[in-house]
Each structure stands twice: as structure tokens, then as C-alpha cells.
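S.K.: Following this line is final_31.txt, made up of compact mmCIF, C-alpha atoms:
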# COMPACT_ATOMS: atom_id res chain seq x y z
CA MET D 22 -67.90 -20.00 49.53
CA ALA D 23 -64.76 -17.82 49.33
CA LYS D 24 -65.24 -14.41 47.70
CA VAL D 25 -62.26 -13.44 45.56
CA LEU D 26 -61.33 -10.30 43.63
CA ILE D 27 -58.72 -10.71 40.85
CA VAL D 28 -56.89 -7.55 39.76
CA ASP D 29 -54.87 -7.88 36.54
CA ASP D 30 -54.81 -6.07 33.18
CA GLU D 31 -54.41 -9.34 31.23
CA LYS D 32 -58.05 -10.11 30.36
CA ASP D 33 -57.36 -13.63 29.02
CA PHE D 34 -55.56 -14.43 32.28
CA THR D 35 -58.29 -13.13 34.61
CA GLU D 36 -61.08 -14.80 32.58
CA THR D 37 -59.41 -18.21 32.67
CA LEU D 38 -58.30 -18.00 36.29
CA SER D 39 -61.77 -16.94 37.44
CA GLU D 40 -63.38 -19.79 35.49
CA ARG D 41 -61.04 -22.26 37.20
CA LEU D 42 -61.57 -20.82 40.68
CA GLU D 43 -65.35 -20.78 40.17
CA SER D 44 -65.25 -24.46 39.22
CA ARG D 45 -63.63 -24.97 42.66
CA GLY D 46 -66.59 -23.38 44.40
CA MET D 47 -65.41 -19.79 44.69
CA GLU D 48 -67.24 -16.57 43.88
CA VAL D 49 -64.94 -14.49 41.69
CA GLU D 50 -64.96 -10.93 40.38
CA THR D 51 -62.30 -9.33 38.18
CA VAL D 52 -61.08 -5.80 37.47
CA ASP D 53 -58.30 -4.64 35.14
CA ASN D 54 -56.69 -1.88 37.22
CA GLY D 55 -55.86 -0.74 40.73
CA LEU D 56 -58.30 2.15 40.89
CA LYS D 57 -61.24 -0.13 40.08
CA ALA D 58 -60.00 -2.54 42.76
CA VAL D 59 -60.03 0.22 45.38
CA ASP D 60 -63.60 1.10 44.34
CA LYS D 61 -64.66 -2.54 44.63
CA VAL D 62 -63.32 -3.08 48.17
CA GLU D 63 -65.04 0.10 49.29
CA ASN D 64 -68.43 -1.35 48.42
CA LYS D 65 -67.99 -5.07 49.01
CA SER D 66 -66.05 -7.44 51.24
CA TYR D 67 -63.78 -10.13 49.85
CA ASP D 68 -62.01 -13.03 51.52
CA ALA D 69 -58.98 -12.52 49.28
CA VAL D 70 -57.69 -10.12 46.65
CA VAL D 71 -55.35 -11.63 44.03
CA LEU D 72 -53.34 -8.68 42.78
CA ASP D 73 -50.86 -8.47 39.90
CA LEU D 74 -47.73 -6.44 40.56
CA ALA D 75 -47.25 -4.92 37.10
CA MET D 76 -50.26 -3.00 35.82
CA PRO D 77 -50.79 0.21 33.85
CA GLY D 78 -51.56 3.32 35.89
CA ILE D 79 -51.12 2.61 39.59
CA ASP D 80 -48.99 -0.52 40.01
CA GLY D 81 -49.55 -3.45 42.37
CA ILE D 82 -47.57 -1.96 45.26
CA GLU D 83 -49.44 1.35 45.14
CA THR D 84 -52.76 -0.51 44.78
CA LEU D 85 -51.85 -2.63 47.81
CA LYS D 86 -51.17 0.51 49.88
CA ARG D 87 -54.52 2.04 48.88
CA LEU D 88 -56.44 -1.20 49.48
CA LEU D 89 -54.98 -1.63 52.96
CA ALA D 90 -55.64 2.03 53.76
CA LYS D 91 -59.32 1.37 53.00
CA ASN D 92 -59.41 -1.97 54.80
CA PRO D 93 -56.38 -2.98 56.93
CA ASP D 94 -57.78 -6.51 57.43
CA LEU D 95 -57.91 -7.24 53.70
CA GLN D 96 -56.02 -10.41 52.71
CA VAL D 97 -54.00 -9.64 49.59
CA ILE D 98 -52.09 -12.24 47.58
CA LEU D 99 -49.67 -10.56 45.21
CA LEU D 100 -48.67 -12.12 41.88
CA THR D 101 -45.16 -11.18 40.81
CA GLY D 102 -43.21 -11.80 37.63
CA GLN D 103 -39.97 -13.76 37.76
CA GLY D 104 -37.06 -11.75 39.09
CA THR D 105 -39.26 -9.40 41.10
CA VAL D 106 -38.94 -11.19 44.44
CA LYS D 107 -37.68 -7.93 45.92
CA SER D 108 -41.06 -6.32 45.22
CA GLY D 109 -42.76 -9.36 46.73
CA VAL D 110 -40.80 -8.94 49.95
CA GLU D 111 -41.67 -5.23 49.94
CA ALA D 112 -45.34 -6.17 49.57
CA ILE D 113 -45.18 -8.48 52.60
CA LYS D 114 -43.62 -5.67 54.63
CA LEU D 115 -46.48 -3.42 53.55
CA GLY D 116 -49.04 -5.94 54.77
CA ALA D 117 -49.72 -8.36 51.90
CA MET D 118 -50.56 -11.86 53.10
CA GLU D 119 -48.45 -13.68 50.52
CA PHE D 120 -46.70 -13.31 47.20
CA LEU D 121 -46.70 -15.95 44.48
CA GLU D 122 -44.65 -16.09 41.32
CA LYS D 123 -46.55 -15.82 38.04
CA PRO D 124 -47.73 -18.18 36.54
CA PRO D 125 -49.19 -19.38 39.83
CA ASN D 126 -49.75 -23.05 40.59
CA LEU D 127 -53.54 -23.23 40.91
CA GLU D 128 -53.71 -25.68 43.80
CA ASN D 129 -51.22 -23.52 45.70
CA LEU D 130 -53.27 -20.39 44.96
CA VAL D 131 -56.49 -22.15 46.08
CA ALA D 132 -54.78 -23.15 49.35
CA ARG D 133 -53.64 -19.54 49.93
CA ILE D 134 -57.17 -18.24 49.25
CA LYS D 135 -58.54 -20.71 51.81
CA ASP D 136 -55.88 -19.51 54.30
CA ALA D 137 -56.98 -15.95 53.60
CA GLN D 138 -60.61 -16.86 54.27
CA SER D 139 -59.68 -18.52 57.60
CA ARG D 140 -57.60 -15.49 58.62
CA ARG D 141 -60.44 -13.16 57.80
CA ILE D 142 -62.88 -15.19 59.89
CA MET D 143 -60.36 -15.22 62.75
CA LEU D 144 -59.89 -11.46 62.54
CA PHE D 145 -63.65 -10.94 62.49
CA GLU D 146 -64.13 -13.18 65.54
CA LYS D 147 -61.31 -11.41 67.38
CA LYS D 148 -62.91 -8.04 66.66
CA MET D 149 -66.30 -9.28 67.87
CA GLN D 150 -64.71 -10.62 71.06
CA ASP D 151 -62.87 -7.33 71.65
CA THR D 152 -66.11 -5.40 71.14
CA ILE D 153 -67.99 -7.66 73.60
CA GLU D 154 -65.19 -7.36 76.19
CA ASP D 155 -65.23 -3.61 75.74
CA ILE D 156 -68.99 -3.43 76.29
CA LEU D 157 -68.74 -5.70 79.37
CA LYS D 158 -65.98 -3.51 80.83
CA LYS D 159 -68.00 -0.34 80.32
CA LYS D 160 -71.17 -1.85 81.78
CA SER D 161 -69.55 -3.57 84.78
CA TRP D 162 -69.47 -1.94 88.21
CA MET P 27 -15.91 4.24 21.15
CA ASN P 28 -15.24 6.04 24.41
CA GLU P 29 -11.91 7.80 23.91
CA GLY P 30 -11.70 11.25 25.46
CA LEU P 31 -13.96 10.47 28.43
CA SER P 32 -12.77 10.55 32.04
CA PRO P 33 -12.62 7.09 33.69
CA GLN P 34 -15.64 8.03 35.83
CA ASP P 35 -17.68 9.17 32.84
CA ARG P 36 -16.66 6.06 30.92
CA ASP P 37 -17.70 3.79 33.82
CA ARG P 38 -21.02 5.58 34.17
CA LEU P 39 -21.65 5.43 30.44
CA GLU P 40 -20.87 1.72 30.30
CA GLN P 41 -23.19 1.14 33.26
CA SER P 42 -25.99 2.96 31.42
CA GLY P 43 -25.43 0.65 28.42
CA ARG P 44 -25.82 -2.41 30.65
CA GLU P 45 -28.89 -0.81 32.20
CA CYS P 46 -30.37 -0.25 28.74
CA PHE P 47 -29.91 -3.90 27.85
CA GLY P 48 -31.15 -5.08 31.25
CA ARG P 49 -34.25 -2.91 31.47
CA LEU P 50 -35.46 -3.53 27.95
CA THR P 51 -34.93 -7.31 28.08
CA ALA P 52 -36.56 -7.42 31.54
CA SER P 53 -39.61 -5.60 30.18
CA LEU P 54 -39.90 -8.07 27.28
CA SER P 55 -39.40 -11.09 29.52
CA HIS P 56 -42.15 -9.85 31.87
CA GLU P 57 -44.51 -9.64 28.94
CA LEU P 58 -43.47 -13.11 27.77
CA ASN P 59 -44.20 -14.31 31.30
CA ASN P 60 -47.76 -13.02 30.93
CA VAL P 61 -48.08 -14.96 27.68
CA VAL P 62 -46.84 -18.13 29.40
CA SER P 63 -49.22 -17.52 32.35
CA ILE P 64 -52.23 -17.37 30.03
CA ILE P 65 -51.16 -20.50 28.16
CA ASP P 66 -50.53 -22.23 31.50
CA GLN P 67 -53.99 -21.32 32.86
CA ASN P 68 -55.73 -22.43 29.66
CA THR P 69 -53.84 -25.73 29.70
CA GLY P 70 -55.04 -26.12 33.28
CA LEU P 71 -58.59 -25.28 32.23
CA MET P 72 -58.47 -27.99 29.53
CA SER P 73 -57.23 -30.47 32.15
CA ASP P 74 -60.07 -29.42 34.47
CA LEU P 75 -62.59 -30.05 31.69
CA LEU P 76 -61.04 -33.45 30.89
CA ALA P 77 -61.06 -34.41 34.55
CA THR P 78 -64.86 -34.23 34.85
CA GLY P 79 -64.99 -38.01 34.67
CA ASP P 80 -67.40 -38.11 31.71
CA ASN P 81 -66.54 -40.65 29.03
CA PRO P 82 -66.68 -39.54 26.24
CA VAL P 83 -65.76 -36.01 27.42
CA VAL P 84 -68.39 -33.47 26.36
CA ILE P 85 -67.12 -29.89 26.05
CA ASP P 86 -69.33 -27.01 25.03
CA ARG P 87 -68.27 -25.81 21.54
CA THR P 88 -68.30 -22.08 22.42
CA ARG P 89 -66.17 -22.72 25.48
CA LEU P 90 -63.69 -24.76 23.46
CA GLU P 91 -63.52 -22.09 20.74
CA LYS P 92 -62.72 -19.47 23.37
CA ILE P 93 -59.83 -21.56 24.70
CA VAL P 94 -58.48 -22.20 21.19
CA THR P 95 -58.65 -18.44 20.42
CA ARG P 96 -56.70 -17.67 23.60
CA PHE P 97 -54.02 -20.22 22.66
CA SER P 98 -53.64 -18.82 19.14
CA THR P 99 -53.66 -15.16 20.30
CA GLN P 100 -50.95 -15.85 22.85
CA ALA P 101 -48.88 -17.93 20.41
CA GLU P 102 -48.93 -14.97 17.99
CA ARG P 103 -48.10 -12.50 20.76
CA GLY P 104 -45.26 -14.70 22.03
CA THR P 105 -43.81 -15.09 18.53
CA ALA P 106 -43.81 -11.31 18.03
CA LEU P 107 -42.10 -10.79 21.39
CA ILE P 108 -39.43 -13.40 20.69
CA ARG P 109 -38.76 -11.81 17.27
CA LEU P 110 -38.41 -8.42 18.97
CA LEU P 111 -36.09 -9.80 21.64
CA ASN P 112 -33.98 -11.47 18.97
CA THR P 113 -33.69 -8.31 16.85
CA PHE P 114 -32.70 -6.33 19.93
CA ALA P 115 -30.12 -8.95 20.98
CA HIS P 116 -28.53 -8.85 17.51
CA SER P 117 -28.27 -5.05 17.55
CA VAL P 118 -24.87 -5.44 19.25
CA ASP P 119 -23.43 -7.69 16.52
CA GLU P 120 -19.86 -6.78 15.56
CA ASP P 121 -20.48 -7.05 11.82
CA LYS P 122 -23.33 -4.52 11.76
CA LEU P 123 -21.85 -1.10 11.29
CA ALA P 124 -24.76 0.72 9.71
CA ALA P 125 -28.00 1.67 11.37
CA ASP P 126 -31.24 2.61 9.62
CA PRO P 127 -32.79 5.34 11.84
CA ALA P 128 -36.35 4.70 10.66
CA GLU P 129 -36.08 0.99 11.41
CA LEU P 130 -34.55 1.66 14.83
CA VAL P 131 -37.26 4.15 15.76
CA ARG P 132 -39.90 1.53 14.87
CA LEU P 133 -37.99 -1.01 16.96
CA THR P 134 -37.78 1.44 19.86
CA GLN P 135 -41.53 2.01 19.74
CA SER P 136 -42.09 -1.76 20.04
CA LEU P 137 -39.44 -2.20 22.77
CA TRP P 138 -40.96 0.59 24.86
CA ARG P 139 -44.64 -0.23 24.27
CA ARG P 140 -45.23 -1.95 27.62
CA ALA P 141 -43.24 0.61 29.66
CA ALA P 142 -45.22 3.42 28.03
CA GLU P 143 -48.50 1.59 28.62
CA MET P 144 -47.62 1.22 32.31
CA ARG P 145 -47.35 5.00 32.58
CA ARG P 146 -50.39 5.56 30.34
CA VAL P 147 -48.25 7.42 27.81
CA GLU P 148 -48.31 6.95 24.02
CA ILE P 149 -45.18 6.74 21.89
CA GLU P 150 -45.93 8.04 18.40
CA ILE P 151 -43.44 7.81 15.56
CA GLU P 152 -42.92 9.68 12.31
CA THR P 153 -40.21 8.22 10.11
CA LYS P 154 -39.37 10.32 7.07
CA ALA P 155 -35.69 9.52 6.64
CA GLY P 156 -36.18 6.28 4.71
CA GLY P 157 -32.94 5.00 3.20
CA ALA P 158 -30.68 6.99 5.55
CA GLU P 159 -27.80 5.30 7.32
CA ILE P 160 -25.88 6.05 10.51
CA PRO P 161 -22.41 4.46 10.42
CA VAL P 162 -22.58 2.94 13.92
CA ARG P 163 -23.69 -0.32 15.45
CA PRO P 164 -27.53 -0.27 15.78
CA PHE P 165 -27.33 -0.83 19.55
CA LEU P 166 -25.67 2.57 20.02
CA VAL P 167 -28.69 4.32 18.50
CA LEU P 168 -31.11 2.21 20.58
CA TRP P 169 -29.04 3.06 23.65
CA ALA P 170 -29.14 6.79 22.85
CA LEU P 171 -32.92 6.54 22.42
CA PHE P 172 -33.13 4.64 25.72
CA LEU P 173 -31.36 7.51 27.51
CA ALA P 174 -33.55 10.12 25.85
CA LEU P 175 -36.78 8.22 26.43
CA ARG P 176 -36.09 7.16 30.01
CA GLY P 177 -36.19 10.74 31.27
CA ALA P 178 -39.01 11.72 28.93
CA LEU P 179 -41.23 8.84 30.00
CA ASP P 180 -40.70 9.56 33.70
CA LYS P 181 -41.79 13.16 33.17
CA CYS P 182 -44.44 12.89 30.47
CA PRO P 183 -47.91 13.54 31.94
CA PRO P 184 -50.26 10.48 31.69
CA GLY P 185 -52.59 10.55 28.70
CA GLN P 186 -50.08 12.51 26.59
CA ALA P 187 -47.79 11.35 23.78
CA ILE P 188 -44.03 11.36 23.22
CA LYS P 189 -43.21 11.76 19.54
CA ILE P 190 -40.11 10.27 17.93
CA LYS P 191 -39.33 11.66 14.49
CA THR P 192 -36.57 10.96 12.01
CA GLU P 193 -35.32 13.64 9.62
CA MET P 194 -32.43 14.09 7.21
CA SER P 195 -30.34 17.22 7.81
CA SER P 196 -27.39 18.51 5.76
CA THR P 197 -24.94 16.74 8.11
CA GLY P 198 -26.82 13.47 8.44
CA PRO P 199 -29.82 11.73 9.99
CA ARG P 200 -31.45 13.29 13.01
CA ILE P 201 -33.79 11.64 15.53
CA ILE P 202 -36.00 13.91 17.60
CA VAL P 203 -37.64 12.87 20.88
CA ASP P 204 -40.33 15.45 21.52
CA MET P 205 -42.69 15.66 24.50
CA PRO P 206 -45.24 18.02 26.06
CA LEU P 207 -43.91 20.15 28.89
CA GLU P 208 -47.20 21.00 30.56
CA GLY P 209 -47.17 19.58 34.08
CA ALA P 210 -43.90 17.77 33.42
CA GLY P 211 -41.74 19.89 35.74
CA GLU P 212 -38.03 20.33 35.15
CA ILE P 213 -36.42 17.89 32.73
CA ALA P 214 -32.77 17.03 33.24
CA VAL P 215 -30.92 15.97 30.12
CA SER P 216 -28.82 12.86 30.68
CA ALA P 217 -25.06 13.55 30.78
CA ASP P 218 -24.62 9.96 29.61
CA LEU P 219 -26.62 10.81 26.49
CA GLU P 220 -24.32 13.75 25.72
CA ASN P 221 -21.26 11.52 26.18
CA LEU P 222 -22.76 8.75 24.10
CA MET P 223 -23.58 11.15 21.25
CA ASN P 224 -19.97 12.40 21.34
CA CYS P 225 -18.76 8.81 21.14
CA CYS P 226 -21.00 8.30 18.08
CA GLN P 227 -19.45 11.47 16.60
CA GLY P 228 -22.82 13.11 16.83
CA TRP P 229 -24.37 15.94 18.86
CA LEU P 230 -27.21 16.38 21.27
CA TYR P 231 -29.35 19.51 21.04
CA THR P 232 -32.24 20.37 23.31
CA LYS P 233 -35.08 22.74 22.56
CA LYS P 234 -37.83 24.14 24.76
CA GLU P 235 -40.56 25.99 22.94
CA ALA P 236 -44.34 26.35 22.72
CA GLY P 237 -44.91 24.09 25.73
CA ARG P 238 -42.79 21.26 24.33
CA PHE P 239 -39.34 19.86 25.03
CA ALA P 240 -37.26 18.19 22.33
CA GLN P 241 -34.02 16.22 22.45
CA GLU P 242 -32.43 16.15 19.01
CA LEU P 243 -29.93 13.40 18.33
CA GLN P 244 -27.90 14.54 15.36
CA PHE P 245 -25.77 11.83 13.76
CA LYS P 246 -23.22 12.00 10.99
CA GLY P 247 -24.31 9.82 8.16
CA HIS P 248 -25.59 9.59 4.64
CA SER P 249 -28.39 8.37 2.48
CA SER P 250 -27.91 4.82 1.41
CA PRO P 251 -27.90 4.18 -2.34
Have the structure of the file written as C-alpha cells, please.

M.R.:
Amino acid sequence: MAKVLIVDDEKDFTETLSERLESRGMEVETVDNGLKAVDKVENKSYDAVVLDLAMPGIDGIETLKRLLAKNPDLQVILLTGQGTVKSGVEAIKLGAMEFLEKPPNLENLVARIKDAQSRRIMLFEKKMQDTIEDILKKKSW
Amino acid sequence: MNEGLSPQDRDRLEQSGRECFGRLTASLSHELNNVVSIIDQNTGLMSDLLATGDNPVVIDRTRLEKIVTRFSTQAERGTALIRLLNTFAHSVDEDKLAADPAELVRLTQSLWRRAAEMRRVEIEIETKAGGAEIPVRPFLVLWALFLALRGALDKCPPGQAIKIKTEMSSTGPRIIVDMPLEGAGEIAVSADLENLMNCCQGWLYTKKEAGRFAQELQFKGHSSP
């Protein structure tokens, strides 16, 4: 079951989107601002964070920077308004996994979340392998 | 409207007018996009519920009421935004040569609501000059307020309020954009705003006192009958 965090200040949007993702077998949590999102990822791991670009307080780009500073392996899918492709490209450069135009096509979003989950598993396995190789190197003579 | 300006100042002023139109319509269209996104997701949710395969379809009443409420809330919100966008678009009409400062300050508050919210700043208004008229196209006053507010919003500390007041002076209507100075740093007054006020045959005054900074837009005008 993919664990997803949705970050958006539009409550009606997050409520509906989470209901739809849950009906597709995902575990979803929502927060309405970037600071709360940073708090959440500090205490829990998620397969994907779906992050809105335009939010009060710290915006999506700043939130992305803070999230990745806490956890560089975090898979972030940014939702951008029309005409803000430039910000989407900036987000990819900063380390976001993907950006989707709002309103997002749900099946497309579900596919991206599944990609994020696979990437996360791959990254975890790679880290485990690196750790094992490191131990073997240190213990070998 | 721009006689007496150097070609560079005129170009820069015209660019700021386009920027005013662009930034404010972009802000409204982003908000409309949020409305459409919510409607889109709720339409999708209805389709999900219909696709359960049950015949007849059984939907929990509370759940259905919630969806209906979201549709009606967003329809109302969208209608208000479209009305606002339309009023703003018509502020450049050639046949409108009188601007009501109180009405334009209310319009400005609505146009800037989302931008202010993004920076966690309030825009409060106090409109006392009811019935006053400024003999210019309404867009020019909205543009002047855009130039005054743009700088103020960038510098206003979060959690604080920018106040926009209208008053009637002996020479005509005056609009004051007033903000707290504490923690705001240095505030540069827009040269474009000074030029624009000259073009409107008005004046720009600035005042720093008691921890506040005010930009006073003084127009020539009169009280309407």
C-alpha cells in the first residue's frame, strides 16, 4: 500500500483527492501548508508527497527545498497551475520527481505515485546493498 | 496620458501597466484553476461511485451531500471570480472617464486577496469618500494602487495589515496606502508610481511616522452630485 502525503491549502481539493486515492488502495494524509509537511516527513516516511506550488506562507518551491533537505530520497510530485511550467522545470532541477499540471488526471497521478513507490524501494535496496558491501570491505582481510 | 515623460520613462511606465494587468489576471486565473480542480475531482469522485458496479447505485446520503456542497461552494466562488475578472477587464473601457475611489479600493482589496493571503498579510480598507469622483479611467487608479501595493506587500511583515483608506481633501479625493514599518526594512517608492500620478494630474506624497509608512495618492477631482 503506497503511503502518500498531499500538501495543498485547498481543503475541498485535498479531501476529494485523498478519498479517491484511498479508494485505489493508498494510505493518504493531508496538510494545508509547507511547514506542516516538513514536520510530517520528519516523523514518518512516505512513498510520495503530492505538493501544490502556490500556497500561503512558504510556497511549493521553498517547501520542496526544505523537504529534500530533511530527506534527499523523498519522491515529490509537484502540482502546478497553468502557465507555471517554468516553476515546474525549476522544481525538477531542485530534485522533484515530476511535475503535473493542475487539475491532475487521476490515473496519471496514480501511475506517478506507483513510480515513486518503486523508486523509493530501489533507493532503499541500493542503500542496503551499499551498507552490506561496506561492512564486507571493512571485515575482509 | 504620458506627455512630458522621457521615452525611457514612458516605456517603463507602459511596461508596468502591462505588468499590472498580467499579474492581477494571472492571480485570478490561478484561483479559478483551483475552483476547476475541485469541480474536476468531485466529478471524478461521482464517476468512481457510479462505477462500483451496483445496480441500482447506492450512495451514502452524507457523502452525497458533501459532494453537492462542494459543487455549490465552488460554483459560487467561480461566479464571484469571473465577476471580478470582468469588472477589472472593463476598467480600461474608453467610455469610462470617472472613477469612484471607494469602489476601486473595494475592487483592489478583492483583486489582491489571494496575493495577500500568500504572504500572510491582511488588506484592510476604510472608504469614507463615498460619492467622490476622479476624472480618469478606472484602470489608471487600479494601476496606481498596484504600484503602491506591490512594494508594500513585498515589505509588509507577515501577520500584519496594510490599510487602504479613501479621504476627500480640498483638492480632491485621496487614497492612502498605509503599512507598518517594523521589520519591513527600507521601502523604495516606485518611480513609475510618481510618473503615473503626474500623468493623472495628481501627486504622490510619502510619510514615515510612528512606525508606519504611508503612500498618499492625491487626485484632482470632485464630489459627484

S.K.: Can you check which parts of chain D lie within 7 Å of chain P? Per residue, the shortest pair of atoms and distance in Å to one decimal, counting only C-alpha atoms, sorted by chain and number, as a Markdown table.

M.R.:
| residue | atom | partner | partner_atom | distance |
| --- | --- | --- | --- | --- |
| D:Asp33 | CA | P:Ile64 | CA | 6.4 |
| D:Phe34 | CA | P:Ile64 | CA | 5.0 |
| D:Thr37 | CA | P:Gln67 | CA | 6.3 |
| D:Leu38 | CA | P:Gln67 | CA | 6.4 |
| D:Arg41 | CA | P:Leu71 | CA | 6.3 |
| D:Met76 | CA | P:Met144 | CA | 6.1 |
| D:Pro77 | CA | P:Met144 | CA | 3.7 |
| D:Gly78 | CA | P:Arg145 | CA | 5.6 |
| D:Gly102 | CA | P:His56 | CA | 6.2 |
| D:Lys123 | CA | P:Ser63 | CA | 6.5 |
| D:Pro124 | CA | P:Ser63 | CA | 4.5 |

S.K.: Anything within 7 Å of (-52.4, -11.2, 49.5): list those residues as a list of chain:residue names, counting only C-alpha atoms and sticking to the file's coordinates.

M.R.: D:Ala69, D:Val70, D:Val71, D:Gln96, D:Val97, D:Ile98, D:Leu99, D:Ala117, D:Met118, D:Glu119, D:Phe120

S.K.: Can you pull out every residue within 10 Å of Lys234 in chain P, counting all atoms listed in the file, but drop anything in the same chain fewer than 6 positions away, and send it as a JSON list (two decimals) with C-alpha atoms, in the coordinates of the input?

M.R.:
[["chain", "number", "residue", "atom", "x", "y", "z"],
["P", 204, "ASP", "CA", -40.33, 15.45, 21.52],
["P", 205, "MET", "CA", -42.69, 15.66, 24.50],
["P", 206, "PRO", "CA", -45.24, 18.02, 26.06],
["P", 207, "LEU", "CA", -43.91, 20.15, 28.89],
["P", 240, "ALA", "CA", -37.26, 18.19, 22.33],
["P", 241, "GLN", "CA", -34.02, 16.22, 22.45]]

S.K.: May I have the residues within 8 Å of Leu74 in chain D as a PyMOL selection string, using only C-alpha atoms and disregarding those fewer than 5 positions away in the same chain?

M.R.: chain D and resi 80-82+99-102

S.K.: Kindly indicate which residue among D:Thr35, D:Asn92, D:Gln150, D:Ser108 lies nearest to Val52 in chain D, using only C-alpha atoms for the distances.

M.R.: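 Closest to Val52 in chain D of all the choices is D:Thr35.
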
S.K.: For range 37-64 of chain P of the structure just presented, write N, CA and C atoms to a file, as a compact mmCIF listing (two decimals), in the first residue's frame.

M.R.:
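The result, stored in result38.txt:
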# COMPACT_ATOMS: atom_id res chain seq x y z
N ASP P 37 8.37 54.17 -21.67
CA ASP P 37 8.42 52.73 -21.94
C ASP P 37 8.27 51.93 -20.65
N ARG P 38 8.99 52.40 -19.62
CA ARG P 38 8.97 51.68 -18.35
C ARG P 38 7.58 51.75 -17.70
N LEU P 39 6.97 52.92 -17.83
CA LEU P 39 5.63 53.10 -17.27
C LEU P 39 4.62 52.20 -17.99
N GLU P 40 4.73 52.18 -19.33
CA GLU P 40 3.80 51.33 -20.09
C GLU P 40 3.99 49.85 -19.74
N GLN P 41 5.25 49.48 -19.55
CA GLN P 41 5.55 48.09 -19.17
C GLN P 41 4.91 47.76 -17.81
N SER P 42 4.96 48.74 -16.88
CA SER P 42 4.37 48.48 -15.56
C SER P 42 2.84 48.35 -15.67
N GLY P 43 2.24 49.02 -16.64
CA GLY P 43 0.79 48.89 -16.86
C GLY P 43 0.45 47.49 -17.36
N ARG P 44 1.28 46.99 -18.28
CA ARG P 44 1.06 45.63 -18.79
C ARG P 44 1.27 44.61 -17.66
N GLU P 45 2.28 44.91 -16.82
CA GLU P 45 2.57 44.01 -15.71
C GLU P 45 1.40 43.96 -14.72
N CYS P 46 0.81 45.14 -14.50
CA CYS P 46 -0.35 45.22 -13.60
C CYS P 46 -1.47 44.33 -14.13
N PHE P 47 -1.77 44.47 -15.40
CA PHE P 47 -2.84 43.68 -16.00
C PHE P 47 -2.49 42.19 -15.95
N GLY P 48 -1.24 41.87 -16.31
CA GLY P 48 -0.80 40.48 -16.35
C GLY P 48 -0.82 39.83 -14.99
N ARG P 49 -0.25 40.50 -13.99
CA ARG P 49 -0.13 39.87 -12.67
C ARG P 49 -1.48 39.67 -12.01
N LEU P 50 -2.36 40.67 -12.15
CA LEU P 50 -3.65 40.55 -11.48
C LEU P 50 -4.54 39.50 -12.17
N THR P 51 -4.51 39.46 -13.51
CA THR P 51 -5.33 38.45 -14.19
C THR P 51 -4.74 37.05 -13.95
N ALA P 52 -3.41 36.96 -13.87
CA ALA P 52 -2.79 35.65 -13.60
C ALA P 52 -3.22 35.14 -12.23
N SER P 53 -3.22 36.04 -11.24
CA SER P 53 -3.61 35.65 -9.89
C SER P 53 -5.06 35.13 -9.88
N LEU P 54 -5.95 35.85 -10.59
CA LEU P 54 -7.35 35.41 -10.64
C LEU P 54 -7.50 34.10 -11.39
N SER P 55 -6.73 33.93 -12.47
CA SER P 55 -6.87 32.70 -13.24
C SER P 55 -6.33 31.50 -12.46
N HIS P 56 -5.32 31.73 -11.62
CA HIS P 56 -4.81 30.63 -10.78
C HIS P 56 -5.89 30.20 -9.79
N GLU P 57 -6.59 31.19 -9.26
CA GLU P 57 -7.63 30.84 -8.29
C GLU P 57 -8.79 30.12 -8.99
N LEU P 58 -9.10 30.58 -10.21
CA LEU P 58 -10.15 29.90 -10.98
C LEU P 58 -9.73 28.46 -11.29
N ASN P 59 -8.44 28.26 -11.51
CA ASN P 59 -7.92 26.92 -11.77
C ASN P 59 -8.14 26.01 -10.55
N ASN P 60 -8.02 26.58 -9.37
CA ASN P 60 -8.28 25.79 -8.16
C ASN P 60 -9.76 25.39 -8.08
N VAL P 61 -10.62 26.33 -8.47
CA VAL P 61 -12.06 26.04 -8.49
C VAL P 61 -12.33 24.88 -9.45
N VAL P 62 -11.75 24.98 -10.65
CA VAL P 62 -11.95 23.93 -11.67
C VAL P 62 -11.38 22.59 -11.17
N SER P 63 -10.24 22.64 -10.49
CA SER P 63 -9.62 21.41 -9.98
C SER P 63 -10.54 20.70 -8.99
N ILE P 64 -11.18 21.48 -8.13
CA ILE P 64 -12.08 20.87 -7.13
C ILE P 64 -13.31 20.27 -7.82
